[in-house]
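Trainee: Pasting a structure below so you can have a look.
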Amino acid sequence: MWILKKLFTRPLSIAGFILLFCFIVIAVIAPWIAPPEFPHQPYRIPRDGYWAEPKPPSAEHLLGTAEGQYDIFYGVVWGTRTAFRVGLIVTLSGCLIGMIVGSVAAYYGGLVDEILMRIVDIFYTLPYLVAAMVLAVVLGRSLQSSMIALVCFTWMGYARVIRSEILRIREIDYTHAARALGAGNIRILVRHIIPNALYPVFVMVSMNIGSMVIAVSTLSFLGLGAQLGYADWGQMISLARNWMLGSAGDAAAYWFTVVCPGVPIVLFVLAWNLVGDALRDVLDPRMRGSR
Amino acid sequence: MLTFIARRLLMLPLVLIGVTLLIFALLQLLSPYSRLAMYVNDPNQLKQGKEELDEMVEALGLNDPVWVQYGRWLNEVIHGDLGWSESGRQPVLSAITQRIPGTLELALYAVVPVIFGGIWLGKLTAVHQNKPLDHVGRVVAIVGWSFPTFVFGLLALFIFYGILGWFPPGRLSIAATRIVHSDAFTSYTGLHTIDAVFNGNWIVFSDAFRHLIMPVCSLAILSWALIMRVMRSGMLEAMRQDYVTTARAKGLAEKVVINKHARRNALLPVATIAGTMFAGLMGGVVITETVFNRPGLGRFAANAATQLDLPSILGFALLNGIIFVLVNLGVDVLYALFDPRVRLE
């Protein structure tokens with residue numbers, strides 16, 4: 001209970017939770033506020049003609065249309081679902097793989113540990129965005145392949161953290177004390193090691209969901225992720241690239257093409273970072289006394 | 001100290017072999033025909049009929065056992081043969097070496113505000129913990145950390161070029177490009193700002209600098225926020241240590257306690273994230289150069305990726321791996337310099 005109480009007493013974390021809640025609401029009610037034109041392909045953004053030049057916000061298109069007359073409002077609303085799906089799937093799959101590798105390394109130790117950790121080191125040598133670019137080229141252009149690529153190159157962080165946490169906690173006095181009191185291996189593992197090793201992982205997951213959404217939308221922006229017309233924020237911003245300098249006489253004519261999909265990305269990532277930041281302060285025992 | 005560095009240097013080839021193994025493994029996901037482009041240096045060779053291609057696959061041994069292929073591929077890489085870049089219309093190695101200066105210039109200018117600004121602000125917010133300055137710094141860092149580079153870059157381009165007309169995209173204006181390519185201008189490093197200083201040409205310098213401001217900002221913002229956060233928590237940790245209390249008890253001025261006793265120890269965690277920061281910078285370079293239309297490695301890689309030009313993107317990945325390994329070596333040495341405990345291990 002004290003965790004919840006602490007989480008909801010700090011203005012920044014409250015702001016994070018409110019933002020997150022708003023995004024969840026938008027994602028849930030998407031079919032009602034932006035009814036799909038193609039019920040079987042709700043992620044396909046409806047377009048109003050094929051004219052290249054974006055049109056400013058109007059009653060018909062609340063946030064205007066992007067290059068190629070894609071409805072921005074529809075894309076932003078359904079893009080929320082894409083962002084949740086992408087962020088959660090990529091982060092949780094990476095976390096699962098990392099936790100398995102990390103605990104196997106910590107449990108067996110010795111040669112197994114050495115080999116697994118060297119593999120982790122090698123995967124670390126490629127920046128994940130660069131590695132994801134390579135894999136996206138190899139696997140072909142789609143949202144799925146950019147997600148697979150990111151999972152392949154982000155699991156290592158979790159592996160390292162969970163391994164070092166298990167090794168650390170195994171040697172801490174309370175584990176020894178529990179052993180001295182006659183507790184079995186399973187009890188020590190379940191009651192003492194795992195709960196304490198999980199805290200940093202929780203924090204990492206919530207901080208990484210934002211980064212993964214950025215990474216996937218960056219790949220889409222570069223033209224390696226979602227296909228044209230798919231409701232994805234990064235893909236919609238890439239449509240704004242050619243219109244940044246405005247039209248003759250009005251430099252700011254097409255502001256909505258970058259601002260409308262740009263604001264939700266920043267707020268979405270901000271929400272997860274605020275929540276992650278709050279979780280870290282609350283869950284990290286070393287931080288408890290300091291505030 | 002010397003044995004420590006020697007030991008690290010001995011590890012270097014092993015890690016580099018790991019990098020090439022990883023890249024080679026990625027390559028194996030493709031069919032022999034797609035991999036053919038990695039081995040030729042003339043695009044016309046790829047435009048032949050199926051039988052000729054079959055012959056080439058056979059001649060190059062692309063159906064051989066994997067380890068044989070790996071050995072042969074590694075041999076070619078060591079000799080600098082990285083294949084033909086379809087998107088750059090030249091061999092991959094020369095395409096990369098040609099573009100290094102442009103990217104190096106951008107990265108060098110970005111690293112300065114990131115490291116010094118980040119460390120200074122991190123220290124400042126830690127010293128003023130829970131005061132208004134700390135709260136403002138915290139909010140700015142979290143917002144900065146949440147800004148995707150491409151959104152920040154496009155907004156910067158929109159405001160400072162589209163509306164205000166201050167900072168244009170590209171690397172140089174047409175007039176300055178003409179000066180740079182004229183006989184009167186000697187190119188020493190390929191970094192325009194530095195060359196301009198050597199040549200004493202202030203027109204080129206100010207022009208190149210003007211083109212750098214926005215890309216540097218959008219490249220720096222993410223890493224800057226990261227360093228600031230790490231420095232702040234490292235500083236808070238250090239300020240709680242006994243030796244800081246001792247220093248205060250000895251009657252040292254607060255400034256000396258902070259700068260001499262606490263800050264040096266707070267720098268250790270900052271050094272550890274240098275690798276993460278580098279990864280962020282390399283990813284950032286790809287986006288920044290694409291958004292601001294700067295010729296360089298990043299835009300080359302982005303173009304190669306969208307045109308499915310595998311040899312180029314693999315060459316870029318290999319370069320990244322090598323730089324990363326070298327950066328980490330440097331960090332380890334720095335670490336040993338900062339922290340005597342590491343040397344004695």
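Going by the structure tokens order, chains are called A, B, ..., each with residues numbered from 1, while ligands are numbered from 1 in the order shown.
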Would you kindly report the residues of chain B within 7 Å of chain A, using only C-alpha atoms, as a PyMOL selection string?
Mentor: chain B and resi 15+18-19+30+142-143+146-148+151+158+162-163+279+283+302+305-306+308+313-314+317+320-321+324-325
Trainee: Any idea what's packed within 10 Å of B:Asp54, counting only C-alpha atoms, ignoring anything in its chain fewer than 6 positions away? Could you give it as a PyMOL selection string?
Mentor: chain B and resi 32-33+60+62
Trainee: Which residue, A:Ala106, A:Val203, A:Leu111, A:Met236, has the smallest gap to A:Arg280 when you use only C-alpha atoms?
Mentor: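 The answer is A:Val203, which sits nearest to A:Arg280.
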Trainee: Env of B:Gly153: 10 Å cut, atoms = only C-alpha atoms, seq-sep filter 6 positions within chain, self excluded. Answer as a ChimeraX atom specification.
Mentor: /B:147,159,214-219,287-292
Trainee: Can I get the selected residues back with C-alpha atoms, as a PDB file, in the first residue's frame?
Mentor:
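The result, written out as part.pdb:
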ATOM      1  CA  PHE B 147      11.870  13.798 -27.401  1.00  0.00           C
ATOM      2  CA  ILE B 159      11.005  26.932 -36.687  1.00  0.00           C
ATOM      3  CA  MET B 214      20.695  22.761 -35.217  1.00  0.00           C
ATOM      4  CA  PRO B 215      21.994  19.255 -36.014  1.00  0.00           C
ATOM      5  CA  VAL B 216      24.325  19.425 -33.016  1.00  0.00           C
ATOM      6  CA  CYS B 217      21.436  20.445 -30.740  1.00  0.00           C
ATOM      7  CA  SER B 218      19.135  17.675 -31.888  1.00  0.00           C
ATOM      8  CA  LEU B 219      21.942  15.112 -31.695  1.00  0.00           C
ATOM      9  CA  ILE B 287      18.394  10.501 -38.028  1.00  0.00           C
ATOM     10  CA  THR B 288      20.004  13.924 -37.677  1.00  0.00           C
ATOM     11  CA  GLU B 289      21.800  13.696 -41.002  1.00  0.00           C
ATOM     12  CA  THR B 290      18.643  12.465 -42.708  1.00  0.00           C
ATOM     13  CA  VAL B 291      16.494  15.251 -41.270  1.00  0.00           C
ATOM     14  CA  PHE B 292      19.013  18.042 -41.894  1.00  0.00           C
TER      15      PHE B 292
END
Trainee: Using only C-alpha atoms, which residues sit within 12 Å of stretch 82-88 of chain B once same-chain residues fewer than 3 positions away are excluded, as an MDAnalysis selection string?
Mentor: chainID B and resid 35:46 73:79 91:96 98:99 295:297 299:319
Trainee: Can you list, as a PyMOL selection string, all residues belonging to stretch 57-210 of chain B that DSSP tags as helix (DSSP H, G or I)?
Mentor: chain B and resi 57-60+66-78+92-127+132-146+149-163+174-181+192-199+202-210
Trainee: Would you write out those residues with C-alpha atoms, as a compact mmCIF listing (two decimals), in the first residue's frame?
Mentor:
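The resulting file, again37.txt, is shown below:
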# COMPACT_ATOMS: atom_id res chain seq x y z
CA VAL B 57 27.92 -18.36 -56.51
CA GLU B 58 29.82 -21.57 -57.15
CA ALA B 59 33.12 -19.81 -57.88
CA LEU B 60 32.83 -17.70 -54.74
CA VAL B 66 29.48 -21.81 -43.08
CA TRP B 67 32.88 -21.74 -41.35
CA VAL B 68 34.73 -21.91 -44.67
CA GLN B 69 32.69 -18.97 -45.89
CA TYR B 70 33.33 -17.10 -42.67
CA GLY B 71 37.09 -17.50 -43.00
CA ARG B 72 37.04 -16.31 -46.58
CA TRP B 73 34.75 -13.38 -45.78
CA LEU B 74 36.89 -12.34 -42.82
CA ASN B 75 39.97 -12.43 -45.01
CA GLU B 76 38.35 -10.05 -47.49
CA VAL B 77 37.15 -7.72 -44.75
CA ILE B 78 40.64 -7.56 -43.25
CA VAL B 92 31.74 0.41 -49.77
CA LEU B 93 35.11 1.15 -48.17
CA SER B 94 35.73 4.34 -50.14
CA ALA B 95 32.08 5.38 -49.69
CA ILE B 96 32.57 5.13 -45.93
CA THR B 97 35.99 6.78 -45.69
CA GLN B 98 34.76 9.65 -47.83
CA ARG B 99 31.88 10.36 -45.46
CA ILE B 100 33.71 10.06 -42.15
CA PRO B 101 34.80 13.74 -41.83
CA GLY B 102 31.26 15.11 -42.15
CA THR B 103 29.96 12.82 -39.44
CA LEU B 104 33.02 13.24 -37.24
CA GLU B 105 32.56 17.01 -37.28
CA LEU B 106 28.93 16.68 -36.20
CA ALA B 107 29.71 14.13 -33.47
CA LEU B 108 32.67 16.07 -32.07
CA TYR B 109 30.65 19.25 -31.68
CA ALA B 110 27.79 17.31 -30.09
CA VAL B 111 29.97 15.53 -27.56
CA VAL B 112 31.29 18.77 -26.03
CA PRO B 113 27.95 20.16 -24.75
CA VAL B 114 26.81 16.65 -23.83
CA ILE B 115 29.76 15.84 -21.60
CA PHE B 116 30.57 19.20 -20.08
CA GLY B 117 27.02 20.58 -19.96
CA GLY B 118 25.64 17.28 -18.67
CA ILE B 119 28.24 16.88 -15.95
CA TRP B 120 28.02 20.49 -14.84
CA LEU B 121 24.21 20.52 -14.70
CA GLY B 122 24.10 17.15 -13.00
CA LYS B 123 26.45 18.40 -10.31
CA LEU B 124 24.50 21.62 -9.93
CA THR B 125 21.12 19.91 -9.53
CA ALA B 126 22.57 17.43 -7.03
CA VAL B 127 24.03 20.21 -4.89
CA PRO B 132 13.57 24.73 -7.45
CA LEU B 133 16.66 24.37 -9.66
CA ASP B 134 16.66 20.61 -9.10
CA HIS B 135 12.98 20.32 -9.99
CA VAL B 136 13.39 22.38 -13.16
CA GLY B 137 16.43 20.34 -14.16
CA ARG B 138 14.55 17.11 -13.55
CA VAL B 139 11.60 18.16 -15.68
CA VAL B 140 13.85 19.42 -18.49
CA ALA B 141 15.85 16.17 -18.48
CA ILE B 142 12.76 13.96 -18.57
CA VAL B 143 11.18 16.00 -21.36
CA GLY B 144 14.49 15.99 -23.29
CA TRP B 145 14.80 12.25 -22.80
CA SER B 146 11.28 11.82 -24.19
CA THR B 149 15.46 12.95 -32.33
CA PHE B 150 13.52 13.10 -35.58
CA VAL B 151 10.61 15.03 -34.03
CA PHE B 152 13.00 17.49 -32.39
CA GLY B 153 14.98 17.86 -35.62
CA LEU B 154 11.93 18.44 -37.81
CA LEU B 155 10.50 20.99 -35.36
CA ALA B 156 13.88 22.77 -35.22
CA LEU B 157 14.03 22.82 -39.01
CA PHE B 158 10.47 24.08 -39.17
CA ILE B 159 11.01 26.93 -36.69
CA PHE B 160 14.60 28.01 -37.24
CA TYR B 161 14.76 27.56 -40.99
CA GLY B 162 11.18 27.53 -42.28
CA ILE B 163 9.90 30.45 -40.22
CA ILE B 174 26.58 27.12 -52.29
CA ALA B 175 28.92 30.11 -52.04
CA ALA B 176 30.97 28.47 -49.28
CA THR B 177 31.06 25.16 -51.15
CA ARG B 178 32.60 26.99 -54.09
CA ILE B 179 35.32 28.41 -51.83
CA VAL B 180 36.02 25.01 -50.26
CA HIS B 181 36.44 23.38 -53.67
CA HIS B 192 35.09 22.28 -42.67
CA THR B 193 35.23 24.35 -39.48
CA ILE B 194 38.77 23.17 -38.65
CA ASP B 195 40.00 23.51 -42.23
CA ALA B 196 38.56 27.03 -42.31
CA VAL B 197 40.54 27.98 -39.21
CA PHE B 198 43.76 26.61 -40.73
CA ASN B 199 43.06 28.53 -43.92
CA TRP B 202 36.12 33.17 -41.66
CA ILE B 203 33.39 33.09 -44.30
CA VAL B 204 33.63 29.31 -44.57
CA PHE B 205 33.97 28.93 -40.81
CA SER B 206 30.87 30.92 -39.93
CA ASP B 207 28.92 29.27 -42.74
CA ALA B 208 29.88 25.75 -41.67
CA PHE B 209 29.21 26.63 -38.04
CA ARG B 210 25.77 28.01 -38.85
Trainee: To test your reading of the structure, identify every residue in stretch 48-242 of chain A that backbone DSSP assigns to strand (DSSP E or B), and report it as a list in words.
Mentor: Lys55, Thr65, Tyr70, Asp71 and Tyr230 of chain A
Trainee: Just write the chosen residues, N, CA and C atoms, as a PDB file, in the first residue's frame.
Mentor:
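New file selection.pdb:
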ATOM      1  N   LYS A  55      -3.806  19.170 -46.322  1.00  0.00           N
ATOM      2  CA  LYS A  55      -4.876  20.166 -46.136  1.00  0.00           C
ATOM      3  C   LYS A  55      -4.993  20.508 -44.659  1.00  0.00           C
ATOM      4  N   THR A  65      -5.153  16.832 -43.145  1.00  0.00           N
ATOM      5  CA  THR A  65      -4.696  15.616 -43.819  1.00  0.00           C
ATOM      6  C   THR A  65      -3.210  15.743 -44.107  1.00  0.00           C
ATOM      7  N   TYR A  70      -3.983  11.467 -46.231  1.00  0.00           N
ATOM      8  CA  TYR A  70      -4.293  10.565 -45.121  1.00  0.00           C
ATOM      9  C   TYR A  70      -4.834  11.403 -43.964  1.00  0.00           C
ATOM     10  N   ASP A  71      -5.931  10.953 -43.344  1.00  0.00           N
ATOM     11  CA  ASP A  71      -6.560  11.702 -42.259  1.00  0.00           C
ATOM     12  C   ASP A  71      -5.683  11.632 -41.003  1.00  0.00           C
ATOM     13  N   TYR A 230      -0.173   3.126 -42.853  1.00  0.00           N
ATOM     14  CA  TYR A 230      -0.452   2.394 -41.625  1.00  0.00           C
ATOM     15  C   TYR A 230      -0.518   3.392 -40.481  1.00  0.00           C
TER      16      TYR A 230
END
